[in-house]
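Colleague: Quick one, start-v2.txt (compact mmCIF, C-alpha atoms):
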# COMPACT_ATOMS: atom_id res chain seq x y z
CA MET A 229 67.21 41.84 6.04
CA TYR A 230 63.56 41.17 6.74
CA VAL A 231 63.00 44.83 7.60
CA LEU A 232 64.76 45.99 4.45
CA GLY A 233 62.68 43.61 2.34
CA SER A 234 59.46 44.90 3.89
CA ILE A 235 60.45 48.49 3.20
CA PHE A 236 61.27 47.60 -0.42
CA LEU A 237 57.90 45.87 -0.91
CA SER A 238 56.09 48.81 0.66
CA LYS A 239 57.76 51.19 -1.76
CA GLN A 240 56.75 48.95 -4.66
CA TRP A 241 53.12 48.92 -3.54
CA ILE A 242 53.16 52.68 -3.10
CA SER A 243 54.53 53.07 -6.63
CA ILE A 244 51.88 50.70 -8.02
CA LEU A 245 49.11 52.50 -6.16
CA SER A 246 50.38 55.87 -7.39
CA LEU A 247 50.44 54.52 -10.94
CA ILE A 248 46.89 53.17 -10.62
CA ILE A 249 45.68 56.51 -9.22
CA SER A 250 47.37 58.39 -12.07
CA ILE A 251 45.83 56.10 -14.70
CA THR A 252 42.39 56.40 -13.07
CA SER A 253 42.67 60.19 -12.96
CA GLY A 254 43.77 60.25 -16.59
CA LEU A 255 40.85 58.08 -17.68
CA ALA A 256 38.43 60.23 -15.67
CA SER A 257 39.80 63.35 -17.36
CA ILE A 258 39.47 61.78 -20.82
CA ILE A 259 35.89 60.69 -20.08
CA ALA A 260 35.05 64.17 -18.78
CA ILE A 261 36.49 65.81 -21.90
CA MET A 262 34.64 63.39 -24.20
CA SER A 263 31.42 63.96 -22.29
CA PHE A 264 31.89 67.72 -22.54
CA PHE A 265 32.33 67.66 -26.31
CA ARG A 266 29.49 65.17 -26.75
CA ASN A 267 27.09 67.34 -24.75
CA LYS A 268 28.49 70.68 -25.90
CA ALA A 269 25.80 73.02 -27.18
CA GLU A 270 26.18 73.70 -30.88
CA LEU A 271 24.02 75.46 -33.43
CA ILE A 272 24.58 75.11 -37.17
CA ILE A 273 22.98 77.80 -39.33
CA PHE A 274 22.24 77.04 -42.97
CA THR A 275 22.45 80.25 -44.95
CA ASP A 276 24.81 81.89 -47.38
CA LYS A 277 25.64 85.27 -45.88
CA LYS A 278 27.12 86.36 -49.19
CA LYS A 279 23.64 86.27 -50.69
CA ASN A 280 20.67 88.40 -49.70
CA SER A 281 18.48 85.30 -49.23
CA TRP A 282 15.23 87.28 -49.05
CA THR A 283 11.98 87.26 -51.00
CA PRO A 284 9.85 90.31 -51.89
CA ILE A 285 6.24 89.89 -50.76
CA ALA A 286 3.28 91.60 -52.40
CA GLU A 287 0.19 92.56 -50.42
CA GLY A 288 -2.12 89.56 -50.07
CA GLU A 289 0.59 87.05 -50.93
CA ILE A 290 0.63 85.81 -47.31
CA THR A 291 -2.67 85.08 -45.58
CA PHE A 292 -3.97 83.47 -42.41
CA THR A 293 -7.38 82.24 -41.27
CA ASN A 294 -8.91 82.38 -37.80
CA GLU A 295 -11.08 79.81 -36.04
CA SER A 296 -14.29 81.14 -37.58
CA GLY A 297 -12.92 80.80 -41.11
CA THR A 298 -12.32 84.49 -41.75
CA SER A 299 -9.25 85.13 -43.92
CA PHE A 300 -6.81 87.96 -43.39
CA THR A 301 -3.95 89.16 -45.57
CA LEU A 302 -0.56 90.53 -44.60
CA PRO A 303 0.76 93.73 -46.17
CA SER A 304 3.66 93.93 -48.60
CA GLY A 305 7.15 93.47 -47.26
CA VAL A 306 10.11 91.11 -47.29
CA LEU A 307 10.49 87.49 -46.20
CA PHE A 308 13.68 85.94 -44.82
CA HIS A 309 14.30 82.22 -44.46
CA TYR A 310 16.89 80.40 -42.33
CA GLN A 311 17.39 76.88 -41.02
CA PHE A 312 18.94 76.11 -37.63
CA LEU A 313 20.31 72.65 -36.84
CA ASN A 314 20.75 71.80 -33.16
CA PRO A 315 22.68 68.49 -33.03
CA SER A 316 23.22 68.68 -29.27
CA PRO A 317 21.12 66.71 -26.75
CA HIS A 318 19.85 69.89 -25.11
CA ASP A 319 17.43 72.64 -26.17
CA ILE A 320 19.04 75.96 -27.08
CA ALA A 321 17.14 79.12 -26.22
CA PHE A 322 17.04 82.09 -28.58
CA PHE A 323 15.88 85.63 -27.92
CA ASN A 324 15.86 89.22 -29.17
CA LEU A 325 15.05 88.32 -32.78
CA HIS A 326 14.71 91.56 -34.76
CA PHE A 327 15.82 93.56 -37.79
CA ASP A 328 18.25 96.39 -37.10
CA ALA A 329 17.77 99.23 -39.60
CA ALA A 330 20.37 101.91 -38.91
CA GLY A 331 19.95 101.53 -35.16
CA LYS A 332 16.17 101.16 -35.26
CA ALA A 333 14.87 97.79 -34.05
CA CYS A 334 12.16 96.66 -36.49
CA GLN A 335 9.89 93.85 -35.31
CA PHE A 336 9.09 90.84 -37.45
CA PHE A 337 5.61 89.35 -37.73
CA TYR A 338 5.04 86.70 -35.06
CA ASP A 339 2.08 84.52 -34.17
CA LYS A 340 1.33 87.01 -31.41
CA SER A 341 1.30 89.87 -33.93
CA VAL A 342 -2.12 88.70 -35.11
CA GLY A 343 -3.46 87.93 -31.64
CA TYR A 344 -6.33 90.33 -32.34
CA ALA A 345 -7.73 87.80 -34.83
CA THR A 346 -6.60 84.37 -33.65
CA LYS A 347 -4.40 82.71 -31.05
CA ASN A 348 -3.28 79.92 -33.35
CA PRO A 349 -2.65 81.32 -36.84
CA THR A 350 -1.44 79.33 -39.83
CA PHE A 351 0.30 81.56 -42.34
CA ILE A 352 -0.01 80.51 -45.97
CA HIS A 353 2.26 81.81 -48.71
CA TYR A 354 0.57 81.96 -52.12
CA ASP A 355 3.57 82.05 -54.39
CA LEU A 356 3.32 82.50 -58.15
CA ILE A 357 4.47 78.89 -58.53
CA LYS A 358 3.40 77.01 -55.39
CA THR A 359 1.59 77.35 -52.08
CA ALA A 360 3.28 76.61 -48.77
CA GLU A 361 2.76 76.99 -45.03
CA LEU A 362 5.09 79.41 -43.26
CA PRO A 363 5.97 78.60 -39.63
CA PHE A 364 6.52 82.07 -38.17
CA PRO A 365 8.10 82.35 -34.70
CA HIS A 366 5.55 82.50 -31.91
CA GLU A 367 7.33 85.51 -30.41
CA PRO A 368 10.81 87.14 -30.45
CA GLN A 369 12.14 84.37 -28.20
CA GLY A 370 11.87 80.61 -28.21
CA THR A 371 13.93 77.42 -28.35
CA PHE A 372 15.71 75.29 -30.90
CA LYS A 373 14.77 71.79 -29.80
CA ALA A 374 17.48 69.19 -29.15
CA ASN A 375 18.50 67.09 -32.17
CA SER A 376 16.26 69.04 -34.52
CA LEU A 377 16.27 71.12 -37.69
CA THR A 378 14.18 74.27 -37.25
CA PRO A 379 13.10 76.42 -40.22
CA LEU A 380 12.72 80.08 -39.35
CA TYR A 381 10.65 82.39 -41.56
CA CYS A 382 10.82 86.07 -40.69
CA PHE A 383 8.44 88.52 -42.35
CA LEU A 384 8.95 92.27 -42.15
CA SER A 385 6.32 94.66 -43.48
CA ASN A 386 7.26 97.68 -45.57
CA GLU A 387 5.53 99.87 -43.01
CA GLU A 388 7.77 98.54 -40.24
CA LEU A 389 10.80 98.79 -42.51
CA ALA A 390 10.04 102.48 -43.07
CA SER A 391 11.89 102.77 -46.40
CA ALA A 392 15.19 101.46 -45.00
CA ASP A 393 17.26 100.08 -47.88
CA HIS A 394 19.57 97.92 -45.77
CA GLY A 395 19.87 96.41 -42.32
CA THR A 396 21.00 93.50 -40.19
CA ILE A 397 19.00 90.54 -38.94
CA LYS A 398 20.01 89.76 -35.37
CA LEU A 399 19.31 86.72 -33.23
CA CYS A 400 20.86 85.93 -29.84
CA TYR A 401 21.11 82.32 -28.71
CA ALA A 402 22.26 80.78 -25.45
CA ILE A 403 25.70 79.43 -26.29
CA ARG A 404 28.63 80.90 -24.40
CA LYS A 405 31.54 82.15 -26.46
CA PHE A 406 35.22 82.32 -25.60
CA PRO A 407 36.56 83.53 -23.15
CA TYR A 408 33.19 82.70 -21.48
CA LEU A 409 33.53 85.51 -18.93
CA GLY A 410 31.42 88.63 -18.83
CA LYS A 411 27.78 89.19 -19.77
CA ARG A 412 28.59 89.72 -23.45
CA ASN A 413 30.05 86.23 -23.64
CA HIS A 414 27.07 84.50 -22.04
CA PHE A 415 25.42 84.18 -25.46
CA THR A 416 26.24 84.24 -29.17
CA THR A 417 24.67 86.62 -31.70
CA PHE A 418 23.81 85.63 -35.25
CA LYS A 419 24.05 88.60 -37.62
CA HIS A 420 23.17 88.77 -41.30
CA TYR A 421 23.52 92.03 -43.21
CA VAL A 422 21.11 92.43 -46.14
CA ASN A 423 20.82 94.98 -48.93
CA LEU A 424 17.22 95.94 -49.75
CA GLU A 425 17.82 98.71 -52.28
CA ASN A 426 15.73 97.07 -55.02
CA LEU A 427 12.97 95.80 -52.71
CA PRO A 428 10.34 98.49 -53.60
CA GLU A 429 10.77 97.85 -57.33
CA LEU A 430 10.52 94.07 -56.92
CA VAL A 431 7.44 94.32 -54.70
CA ARG A 432 5.73 96.67 -57.16
CA SER A 433 6.51 94.36 -60.09
CA LYS A 434 5.25 91.32 -58.21
CA GLN A 435 2.08 93.15 -57.18
CA GLU A 436 1.32 93.96 -60.82
CA ILE A 437 1.84 90.34 -61.87
CA MET A 438 -0.38 89.03 -59.07
CA THR A 439 -3.11 91.54 -59.94
CA LYS A 440 -3.09 90.44 -63.58
CA LEU A 441 -3.19 86.77 -62.60
CA THR A 442 -6.09 87.40 -60.21
CA GLN A 443 -8.05 89.27 -62.88
CA SER A 444 -7.36 86.52 -65.41
CA GLU A 445 -8.52 83.87 -62.94
CA GLN A 446 -11.71 85.79 -62.18
CA LYS A 447 -12.51 86.10 -65.89
CA SER A 448 -11.87 82.40 -66.35
CA GLN A 449 -14.25 81.55 -63.50
CA LYS A 450 -16.99 83.80 -64.95
CA THR A 451 -16.62 82.14 -68.34
CA SER A 452 -16.84 78.64 -66.88
CA ASN A 453 -19.92 79.57 -64.84
CA THR A 454 -21.78 80.97 -67.86
CA HIS A 455 -23.90 78.37 -69.63
CA PRO A 456 -24.00 78.73 -73.43
CA HIS A 457 -27.40 79.20 -75.05
CA LYS A 458 -28.80 76.12 -76.68
CA ASN A 459 -28.84 76.34 -80.43
CA LYS A 460 -32.34 76.25 -81.87
CA ARG A 461 -32.91 73.47 -84.31
CA LYS A 462 -33.70 74.66 -87.78
CA LYS A 463 -36.70 73.09 -89.41
CA HIS A 464 -35.97 71.59 -92.79
CA LYS A 465 -38.49 72.58 -95.39
Let's see the structure in the file written out as structure tokens.

Modeller:
Amino acid sequence: MYVLGSIFLSKQWISILSLIISITSGLASIIAIMSFFRNKAELIIFTDKKKNSWTPIAEGEITFTNESGTSFTLPSGVLFHYQFLNPSPHDIAFFNLHFDAAGKACQFFYDKSVGYATKNPTFIHYDLIKTAELPFPHEPQGTFKANSLTPLYCFLSNEELASADHGTIKLCYAIRKFPYLGKRNHFTTFKHYVNLENLPELVRSKQEIMTKLTQSEQKSQKTSNTHPHKNKRKKHK
């Protein structure tokens, strides 16, 4: 009887230990899954792909100044604007940012594009309504910082565009996509098709308006700088 009782108790302990091990394994799995989703890389892109979301730029509308105070102007072209939210606790790398025009890779303006004039440019956009600073990418690759919202302004000159009336903005970023196997799935590609058929007309119209405003401003400055002649007092007889 004593032996049978011992065997019965041993089986109970084995069952309890097995249950504890199963519960522990289950909890570990749940924690691992929660940790995975909490730390999972994610990039949220704020843009309406149904809209063109671009701005025509006239020559001289965007400028930058070097360390010696000399100002430079960018040529006419088109400006794209996107915002990237990285809510994950890790930086996300991006690379190969370019504009694909019928198979031709057109390069945007980067900080390094004006390296001949300055190493630390600040691009200023003189809009018809307001003036704002444009944070261009430093180069075709970079990072979206952890827990940050990153504005991305991409300027493409008409010369680089070479009369293309449509194209696709492409940006690769380091987030694996399902099924996660193979080189093509080691990163995700953001693509935005844009129609630029009326870009030349809009740029030309904007250039004319800016020219008229500049001429009007110059005339106003000349008038304000001209002192009126003093009226001679007439002697009363």

Colleague: Provide the CA of Lys440 (chain A) to CA of Ala286 (chain A) distance in Å, to one decimal place.

Modeller: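 These atoms are spaced 12.9 Å apart.
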
Colleague: For a quick check of understanding, using all atoms listed in the file, which of A:Pro379, A:Gly305, A:Pro349, A:Gly370 has the smallest distance to Thr293 (chain A)?

Modeller: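 Nearest to Thr293 (chain A): A:Pro349.
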
Colleague: What is the CA of Glu295 (chain A)-CA of Phe364 (chain A) distance in Å, reported with one decimal?

Modeller: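 Value for the CA of Glu295 (chain A)-CA of Phe364 (chain A) distance: 17.9 Å.
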
Colleague: For Asn324 (chain A), which of A:Leu356, A:Leu271, A:Leu380, A:Leu399 is the closest residue, counting all atoms listed in the file?

Modeller: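 Of the candidates, the smallest distance to Asn324 (chain A) is held by A:Leu399.
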
Colleague: Please identify all polymer residues within 10 Å of Leu313 (chain A), counting all atoms listed in the file, omitting same-chain residues fewer than 3 positions from it, and present them as a tab-separated table (two decimals) with C-alpha atoms, keeping the file's coordinate frame.

Modeller:
chain	number	residue	atom	x	y	z
A	270	GLU	CA	26.18	73.70	-30.88
A	271	LEU	CA	24.02	75.46	-33.43
A	272	ILE	CA	24.58	75.11	-37.17
A	273	ILE	CA	22.98	77.80	-39.33
A	274	PHE	CA	22.24	77.04	-42.97
A	316	SER	CA	23.22	68.68	-29.27
A	372	PHE	CA	15.71	75.29	-30.90
A	373	LYS	CA	14.77	71.79	-29.80
A	374	ALA	CA	17.48	69.19	-29.15
A	375	ASN	CA	18.50	67.09	-32.17
A	376	SER	CA	16.26	69.04	-34.52
A	377	LEU	CA	16.27	71.12	-37.69
A	378	THR	CA	14.18	74.27	-37.25
A	379	PRO	CA	13.10	76.42	-40.22
